[in-house]
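Below is one structure, written out as structure tokens; comments come after it.
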Amino acid sequence: MTQSVKRIAISTGGGDAPGLNAVIRAVVLSAVKRGWDCVGIRDGYNGLLMPEEFPSGGVIQLTRKSVRGITHLGGTILGTTNRGNPTKFPVKGADGKIMEVDRSDELIEALQSYGVDSLVSIGGDGSLSIAHHLFQKGLRVIGVPKTIDNDLDRTVVTFGFETAVAFATECLDRLHSTAESHHRVIVVEVMGRYAGWIALNSGIAGSADVILIPEIAYDLNKVADKIRDRERQGINYSIIMVAEGAKPKDGHLSVIEHEIGRAERLGGVGDKIGRDLQKVTGKEVRVVVLGHLLRGGSPVSFDRLTALRFGAAAVRAIDSGENGVMVALDPPVVRYVPLAEATQRMKTVPLDCDTILTGRDLGISFGD
Ligand code: F6P
């Protein structure tokens with residue numbers, strides 16, 4: 001059944017990922033084609049919750065012209081934030097302490113005041129949980145799964161992930177020659193939060209010798225054994241791929257900081273492993289942290305296509321009366337799955353998956 005839609009709002013939230021602009025373009029063009037109006041909210045929902053911070057407007061009109069030539073661009077033309085969760089909005093209390101306040105009713109009223117009847121929320125687990133909350137409060141919402149981490153459930157893949165994997169793989173290719181020339185161990189740390197997808201896929205594609213992921217607690221002695229084993233074979237360099245969420249057996253996650261109103265920041269495990277390996281093996285070690293480089297740049301064609309398909313499917317979902325769902329890739333089709341299901345659990349790497357088995361068959365160590 002076709003709904004009476006007049007105006008769609010688009011929000012991009014959380015860490016950016018290559019392909020966000022392609023989704024925005026597809027949503028706008030598909031909406032305009034149906035005679036609907038489109039607006040974009042700046043920096044997640046901050047454009048509506050903190051309008052005074054946006055002198056040129058917290059909400060911007062999106063037209064065919066505003067989305068021309070943006071499919072290949074990294075980032076998001078709307079801006080994003082991982083601090084503006086409207087359900088736990090950080091506010092300074094009278095005592096100067098930061099507390100979390102639920103501003104979702106205010107957000108829905110602000111959307112209504114702009115005449116918005118449907119929201120397309122493009123984001124990861126945090127943003128889609130917010131989208132689900134807004135849906136439960138009566139807003140018409142469609143979610144679009146985004147994250148380089150690929151940790152969202154109920155979709156085979158999220159856009160942004162392949163671009164991050166392609167870049168990390170290229171970096172590994174470059175590091176092989178310098179590691180070999182200098183007879184060094186190079187530790188490469190990649191993002192991915194509590195899931196090891198980026199480290200696993202790029203580590204295998206880029207021929208890492210050891211891959212450490214959050215799903216498999218590592219034993220540093222096993223990593224050192226692998227390096228020594230290679231030395232015995234006359235190969236005196238090694239590449240160790242480490243996910244930022246990797247943790248040692250009997251140890252814990254490396255957390256940089258935990259600030260109210262945002263997810264904890266991971267990082268530092270690569271440095272720790274580098275220092276420990278240098279001590280244990282006596283070899284010269286260098287550490288490379290790819291960090292935010294993985295989030296930048298132009299989306300690879302797979303991510304562009306997925307993003308465009310997701311954006312167009314989100315508008316078709318609104319057109320056919322879907323609500324409270326996330327578009328999801330289930331090759332060869334794009335499906336709609338309830339936001340409630342998509343946000344229930346994190347998608348981590350299954351230990352018996354074919355990619356891990358492939359790594360083991362290739363002789364790659366997982367530090368276990
Ligand atoms: O979720 C995407 C992600 O890039 C994670 O891989 C990483 O832990 C986090 O965001 C970093 O976020 P920030 O932008 O706060 O540094």
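Following the order of the structure tokens, chains are lettered A, B, ..., residues in each are numbered from 1, and ligands are numbered from 1.
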
Taking only C-alpha atoms and all ligand atoms and a cut-off of 7 Å, can you tell me which residues surround ligand 1, written as an NGL selection string? :A and (15 or 82 or 147-149 or 191-193 or 265-266 or 292 or 295)

Mind running region 137-239 of chain A against region 301-322 of chain A at 8 Å and telling me each contacting residue's nearest atom pair with the distance in Å (one decimal), counting only C-alpha atoms, chain and number ascending, as a Markdown table?
| residue | atom | partner | partner_atom | distance |
| --- | --- | --- | --- | --- |
| A:Ile142 | CA | A:Ala314 | CA | 6.2 |
| A:Gly143 | CA | A:Ala314 | CA | 7.5 |
| A:Val144 | CA | A:Phe310 | CA | 6.5 |
| A:Phe159 | CA | A:Asp303 | CA | 4.9 |
| A:Gly160 | CA | A:Asp303 | CA | 5.8 |
| A:Phe161 | CA | A:Asp303 | CA | 7.6 |
| A:Glu162 | CA | A:Asp303 | CA | 6.4 |
| A:Thr163 | CA | A:Asp303 | CA | 6.8 |

How about saving the chosen residues, all heavy atoms kept, as a short mmCIF file (atom, residue, chain, number, x, y, z; two decimals), in the first residue's frame?
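Once written, selection15.cif looks like this:
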data_model
loop_
_atom_site.label_atom_id
_atom_site.label_comp_id
_atom_site.auth_asym_id
_atom_site.auth_seq_id
_atom_site.Cartn_x
_atom_site.Cartn_y
_atom_site.Cartn_z
N ILE A 142 13.15 3.94 8.46
CA ILE A 142 13.82 2.85 7.74
C ILE A 142 15.32 2.98 8.05
O ILE A 142 15.89 4.06 7.95
CB ILE A 142 13.61 2.95 6.20
CG1 ILE A 142 12.11 2.99 5.84
CG2 ILE A 142 14.33 1.80 5.48
CD1 ILE A 142 11.32 1.74 6.17
N GLY A 143 15.95 1.89 8.42
CA GLY A 143 17.39 1.91 8.73
C GLY A 143 18.21 1.41 7.55
O GLY A 143 17.76 0.57 6.77
N VAL A 144 19.41 1.95 7.43
CA VAL A 144 20.36 1.49 6.40
C VAL A 144 21.67 1.13 7.11
O VAL A 144 22.25 1.99 7.79
CB VAL A 144 20.61 2.59 5.34
CG1 VAL A 144 21.67 2.14 4.34
CG2 VAL A 144 19.31 2.95 4.62
N PHE A 159 27.92 -1.66 3.97
CA PHE A 159 28.78 -0.94 3.03
C PHE A 159 29.88 -0.23 3.83
O PHE A 159 29.70 0.10 4.99
CB PHE A 159 27.97 0.04 2.15
CG PHE A 159 27.45 1.23 2.89
CD1 PHE A 159 28.22 2.35 3.08
CD2 PHE A 159 26.16 1.21 3.43
CE1 PHE A 159 27.75 3.44 3.79
CE2 PHE A 159 25.67 2.29 4.14
CZ PHE A 159 26.47 3.40 4.33
N GLY A 160 31.03 -0.06 3.19
CA GLY A 160 32.20 0.54 3.87
C GLY A 160 33.23 -0.51 4.23
O GLY A 160 34.43 -0.26 4.23
N PHE A 161 32.74 -1.72 4.50
CA PHE A 161 33.63 -2.80 4.95
C PHE A 161 34.63 -3.20 3.86
O PHE A 161 35.83 -3.30 4.10
CB PHE A 161 32.76 -4.00 5.36
CG PHE A 161 33.53 -5.25 5.65
CD1 PHE A 161 34.43 -5.31 6.71
CD2 PHE A 161 33.38 -6.40 4.86
CE1 PHE A 161 35.14 -6.48 6.98
CE2 PHE A 161 34.09 -7.56 5.12
CZ PHE A 161 34.98 -7.59 6.18
N GLU A 162 34.14 -3.40 2.63
CA GLU A 162 35.04 -3.86 1.56
C GLU A 162 36.11 -2.83 1.26
O GLU A 162 37.25 -3.17 0.94
CB GLU A 162 34.24 -4.18 0.28
CG GLU A 162 33.47 -5.47 0.34
CD GLU A 162 34.34 -6.71 0.60
OE1 GLU A 162 35.54 -6.70 0.26
OE2 GLU A 162 33.82 -7.67 1.18
N THR A 163 35.76 -1.54 1.37
CA THR A 163 36.75 -0.49 1.12
C THR A 163 37.85 -0.54 2.18
O THR A 163 39.04 -0.43 1.87
CB THR A 163 36.06 0.90 1.14
OG1 THR A 163 34.97 0.87 0.21
CG2 THR A 163 37.03 2.01 0.75
#

From a DSSP calculation on the backbone, collect every residue of region 40-189 of chain A in strand (DSSP E or B) and output the set as a ChimeraX atom specification. /A:40-41,59-61,89-92,98-101,118-123,141-146,152,159,185-189

Between CA of Leu119 (chain A) and CA of Lys92 (chain A), what distance in Å does the model show, to one decimal? 28.5 Å

Figure out the distance between CA of Arg42 (chain A) and CA of Ser66 (chain A), please, to one decimal in Å. 14.0 Å

Minimum-distance residue to Gly203 (chain A), chosen among A:Cys171, A:Ile41, A:Ala342, A:Val185 (using only C-alpha atoms):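 Among the listed residues, the smallest separation from Gly203 (chain A) belongs to A:Cys171.
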
Any idea what's packed within 10 Å of region 69-80 of chain A, counting only C-alpha atoms, ignoring anything in its chain fewer than 2 positions away? Could you give it as a ChimeraX atom specification? /A:10-26,39-47,58-60,62,65-67,82-84,123,160,295-301,303-305,307-308

Identify, on the basis of only C-alpha atoms, every residue whose closest approach to Asp37 (chain A) does not exceed 8 Å; exclude the query and any residue fewer than 4 positions from it along the same chain; express the result as a PDB file with N, CA, C and O atoms, in the first residue's frame.
ATOM      1  N   LYS A   6       5.364  13.000   2.212  1.00  0.00           N
ATOM      2  CA  LYS A   6       5.634  14.332   1.682  1.00  0.00           C
ATOM      3  C   LYS A   6       7.105  14.670   1.821  1.00  0.00           C
ATOM      4  O   LYS A   6       7.738  15.215   0.949  1.00  0.00           O
ATOM      5  N   ARG A   7       7.652  14.348   2.957  1.00  0.00           N
ATOM      6  CA  ARG A   7       9.021  14.773   3.223  1.00  0.00           C
ATOM      7  C   ARG A   7       9.809  13.704   3.996  1.00  0.00           C
ATOM      8  O   ARG A   7       9.388  13.279   5.068  1.00  0.00           O
ATOM      9  N   ILE A   8      10.973  13.334   3.424  1.00  0.00           N
ATOM     10  CA  ILE A   8      11.853  12.363   4.091  1.00  0.00           C
ATOM     11  C   ILE A   8      13.014  13.119   4.702  1.00  0.00           C
ATOM     12  O   ILE A   8      13.565  14.032   4.081  1.00  0.00           O
ATOM     13  N   ALA A  31      13.555   9.539  -4.019  1.00  0.00           N
ATOM     14  CA  ALA A  31      12.449  10.288  -3.406  1.00  0.00           C
ATOM     15  C   ALA A  31      11.949  11.369  -4.365  1.00  0.00           C
ATOM     16  O   ALA A  31      10.728  11.500  -4.595  1.00  0.00           O
ATOM     17  N   VAL A  32      12.892  12.105  -4.945  1.00  0.00           N
ATOM     18  CA  VAL A  32      12.510  13.199  -5.861  1.00  0.00           C
ATOM     19  C   VAL A  32      11.716  12.625  -7.038  1.00  0.00           C
ATOM     20  O   VAL A  32      10.726  13.197  -7.488  1.00  0.00           O
ATOM     21  N   LEU A  62      17.689  18.823   0.456  1.00  0.00           N
ATOM     22  CA  LEU A  62      18.498  17.993  -0.442  1.00  0.00           C
ATOM     23  C   LEU A  62      17.771  17.861  -1.779  1.00  0.00           C
ATOM     24  O   LEU A  62      16.616  17.421  -1.830  1.00  0.00           O
TER      25      LEU A  62
END

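Interatomic distance, CA of Lys272 (chain A) to CA of Ile364 (chain A): 20.9 Å.
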
Within 9 Å of Asp153 (chain A) using only C-alpha atoms, minus same-chain residues under 6 positions, as a PyMOL selection string: chain A and resi 125+341-348

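Distances to Val334 (chain A) were evaluated for A:Pro145, A:Pro51, A:Gly196, A:Gly274 using only C-alpha atoms, and the minimum falls at A:Pro145.
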
Non-local contacts of region 134-139 of chain A (10 Å; only C-alpha atoms; under 3 positions in same chain excluded) as a PyMOL selection string: chain A and resi 86-87+104-105+107-108+111-112+116-119+128-131+142+323-325+339-340

Can you write just those residues out, C-alpha atoms, as a PDB file, in the first residue's frame?
ATOM      1  CA  PRO A  86      19.269  11.610  21.441  1.00  0.00           C
ATOM      2  CA  THR A  87      18.226   8.902  23.925  1.00  0.00           C
ATOM      3  CA  SER A 104      13.967  11.632  21.739  1.00  0.00           C
ATOM      4  CA  ASP A 105      10.490  13.211  22.206  1.00  0.00           C
ATOM      5  CA  LEU A 107      13.663  15.176  18.388  1.00  0.00           C
ATOM      6  CA  ILE A 108      10.398  13.728  17.078  1.00  0.00           C
ATOM      7  CA  LEU A 111      11.076  16.492  12.879  1.00  0.00           C
ATOM      8  CA  GLN A 112       7.313  17.070  12.867  1.00  0.00           C
ATOM      9  CA  VAL A 116       8.996  15.222   8.094  1.00  0.00           C
ATOM     10  CA  ASP A 117       6.903  12.076   7.911  1.00  0.00           C
ATOM     11  CA  SER A 118       9.634   9.467   7.330  1.00  0.00           C
ATOM     12  CA  LEU A 119      13.210   9.111   8.524  1.00  0.00           C
ATOM     13  CA  LEU A 128      20.042   1.764  14.357  1.00  0.00           C
ATOM     14  CA  SER A 129      19.182   1.184  18.018  1.00  0.00           C
ATOM     15  CA  ILE A 130      18.261   4.875  18.195  1.00  0.00           C
ATOM     16  CA  ALA A 131      16.216   4.412  14.985  1.00  0.00           C
ATOM     17  CA  ILE A 142      13.823   2.851   7.739  1.00  0.00           C
ATOM     18  CA  ASN A 323       8.219   0.682   8.851  1.00  0.00           C
ATOM     19  CA  GLY A 324      10.722  -0.092  11.602  1.00  0.00           C
ATOM     20  CA  VAL A 325      12.865  -2.174   9.272  1.00  0.00           C
ATOM     21  CA  LEU A 339      15.181  -3.180  13.324  1.00  0.00           C
ATOM     22  CA  ALA A 340      14.408  -5.037  16.546  1.00  0.00           C
TER      23      ALA A 340
END

Nearest to Thr355 (chain A) among A:Gly251, A:Leu277, A:Ala205, A:Tyr237, with distances taken over only C-alpha atoms: which residue is it?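 Among the listed residues, the smallest separation from Thr355 (chain A) belongs to A:Ala205.
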
Do a neighbour search on Val288 (chain A) at 10 Å with only C-alpha atoms, toss out local chain neighbours closer than 6 positions, and write the hits as a count of residues only. 11

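Using only C-alpha atoms for every distance, the candidate list A:Ile122, A:Leu172, A:Val337, A:Val5 yields A:Ile122 as the residue closest to Thr158 (chain A).
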
From a DSSP pass on the backbone, collect the residues of region 94-151 of chain A flagged as alpha helix (DSSP H) and hand them back as a list of chain:residue names.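 DSSP-assigned alpha helix (DSSP H) residues in region 94-151 of chain A: A:Ser104, A:Asp105, A:Glu106, A:Leu107, A:Ile108, A:Glu109, A:Ala110, A:Leu111, A:Gln112, A:Ser113, A:Asp125, A:Gly126, A:Ser127, A:Leu128, A:Ser129, A:Ile130, A:Ala131, A:His132, A:His133, A:Leu134, A:Phe135, A:Gln136.
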
Grab the residues selected above and save them as a short mmCIF file (atom, residue, chain, number, x, y, z; two decimals), in the first residue's frame with N, CA, C and O atoms.
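Output (selection_21.cif):
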data_model
loop_
_atom_site.label_atom_id
_atom_site.label_comp_id
_atom_site.auth_asym_id
_atom_site.auth_seq_id
_atom_site.Cartn_x
_atom_site.Cartn_y
_atom_site.Cartn_z
N SER A 104 14.59 12.17 22.96
CA SER A 104 13.97 11.63 21.74
C SER A 104 12.59 12.25 21.44
O SER A 104 12.26 12.46 20.27
N ASP A 105 11.80 12.59 22.47
CA ASP A 105 10.49 13.21 22.21
C ASP A 105 10.69 14.56 21.53
O ASP A 105 9.99 14.90 20.56
N GLU A 106 11.67 15.28 22.06
CA GLU A 106 12.00 16.61 21.50
C GLU A 106 12.42 16.47 20.03
O GLU A 106 12.06 17.29 19.17
N LEU A 107 13.19 15.41 19.75
CA LEU A 107 13.66 15.18 18.39
C LEU A 107 12.48 14.90 17.45
O LEU A 107 12.40 15.47 16.35
N ILE A 108 11.56 14.06 17.92
CA ILE A 108 10.40 13.73 17.08
C ILE A 108 9.56 14.99 16.83
O ILE A 108 9.13 15.26 15.70
N GLU A 109 9.39 15.82 17.85
CA GLU A 109 8.64 17.08 17.67
C GLU A 109 9.34 17.99 16.66
O GLU A 109 8.70 18.60 15.81
N ALA A 110 10.67 18.04 16.76
CA ALA A 110 11.42 18.89 15.82
C ALA A 110 11.25 18.39 14.39
O ALA A 110 11.05 19.18 13.46
N LEU A 111 11.27 17.06 14.23
CA LEU A 111 11.08 16.49 12.88
C LEU A 111 9.68 16.85 12.37
O LEU A 111 9.51 17.24 11.20
N GLN A 112 8.70 16.74 13.27
CA GLN A 112 7.31 17.07 12.87
C GLN A 112 7.19 18.54 12.48
O GLN A 112 6.50 18.89 11.53
N SER A 113 7.92 19.40 13.21
CA SER A 113 7.83 20.83 12.90
C SER A 113 8.40 21.13 11.51
O SER A 113 8.05 22.12 10.89
N ASP A 125 25.32 -0.08 14.72
CA ASP A 125 24.45 -0.61 15.78
C ASP A 125 23.87 0.48 16.66
O ASP A 125 22.68 0.47 16.99
N GLY A 126 24.69 1.48 17.01
CA GLY A 126 24.22 2.57 17.87
C GLY A 126 23.11 3.36 17.20
O GLY A 126 22.01 3.54 17.75
N SER A 127 23.36 3.80 15.97
CA SER A 127 22.38 4.62 15.25
C SER A 127 21.10 3.83 14.97
O SER A 127 19.99 4.39 15.02
N LEU A 128 21.24 2.55 14.67
CA LEU A 128 20.04 1.76 14.36
C LEU A 128 19.25 1.42 15.62
O LEU A 128 18.02 1.26 15.56
N SER A 129 19.93 1.36 16.76
CA SER A 129 19.18 1.18 18.02
C SER A 129 18.38 2.45 18.32
O SER A 129 17.23 2.39 18.79
N ILE A 130 18.98 3.60 18.02
CA ILE A 130 18.26 4.87 18.19
C ILE A 130 17.06 4.88 17.24
O ILE A 130 15.94 5.24 17.62
N ALA A 131 17.30 4.44 15.99
CA ALA A 131 16.22 4.41 14.99
C ALA A 131 15.07 3.53 15.49
O ALA A 131 13.89 3.87 15.37
N HIS A 132 15.43 2.41 16.10
CA HIS A 132 14.41 1.49 16.61
C HIS A 132 13.60 2.16 17.73
O HIS A 132 12.37 2.05 17.80
N HIS A 133 14.31 2.89 18.60
CA HIS A 133 13.66 3.62 19.69
C HIS A 133 12.67 4.65 19.12
O HIS A 133 11.53 4.77 19.59
N LEU A 134 13.09 5.36 18.08
CA LEU A 134 12.22 6.39 17.49
C LEU A 134 11.00 5.73 16.83
O LEU A 134 9.88 6.25 16.90
N PHE A 135 11.23 4.58 16.21
CA PHE A 135 10.12 3.82 15.60
C PHE A 135 9.12 3.42 16.68
O PHE A 135 7.90 3.57 16.50
N GLN A 136 9.65 2.95 17.82
CA GLN A 136 8.74 2.53 18.91
C GLN A 136 7.93 3.71 19.44
O GLN A 136 6.84 3.54 19.98
#

Can you list every residue of region 130-181 of chain A that has an atom at most 10 Å from region 225-236 of chain A, with its nearest atom pair and the distance in Å to one decimal, using only C-alpha atoms, ordered by chain then number, as a Markdown table?
| residue | atom | partner | partner_atom | distance |
| --- | --- | --- | --- | --- |
| A:Ala179 | CA | A:Asn236 | CA | 8.9 |
| A:Glu180 | CA | A:Asn236 | CA | 7.1 |
| A:Ser181 | CA | A:Asn236 | CA | 9.5 |
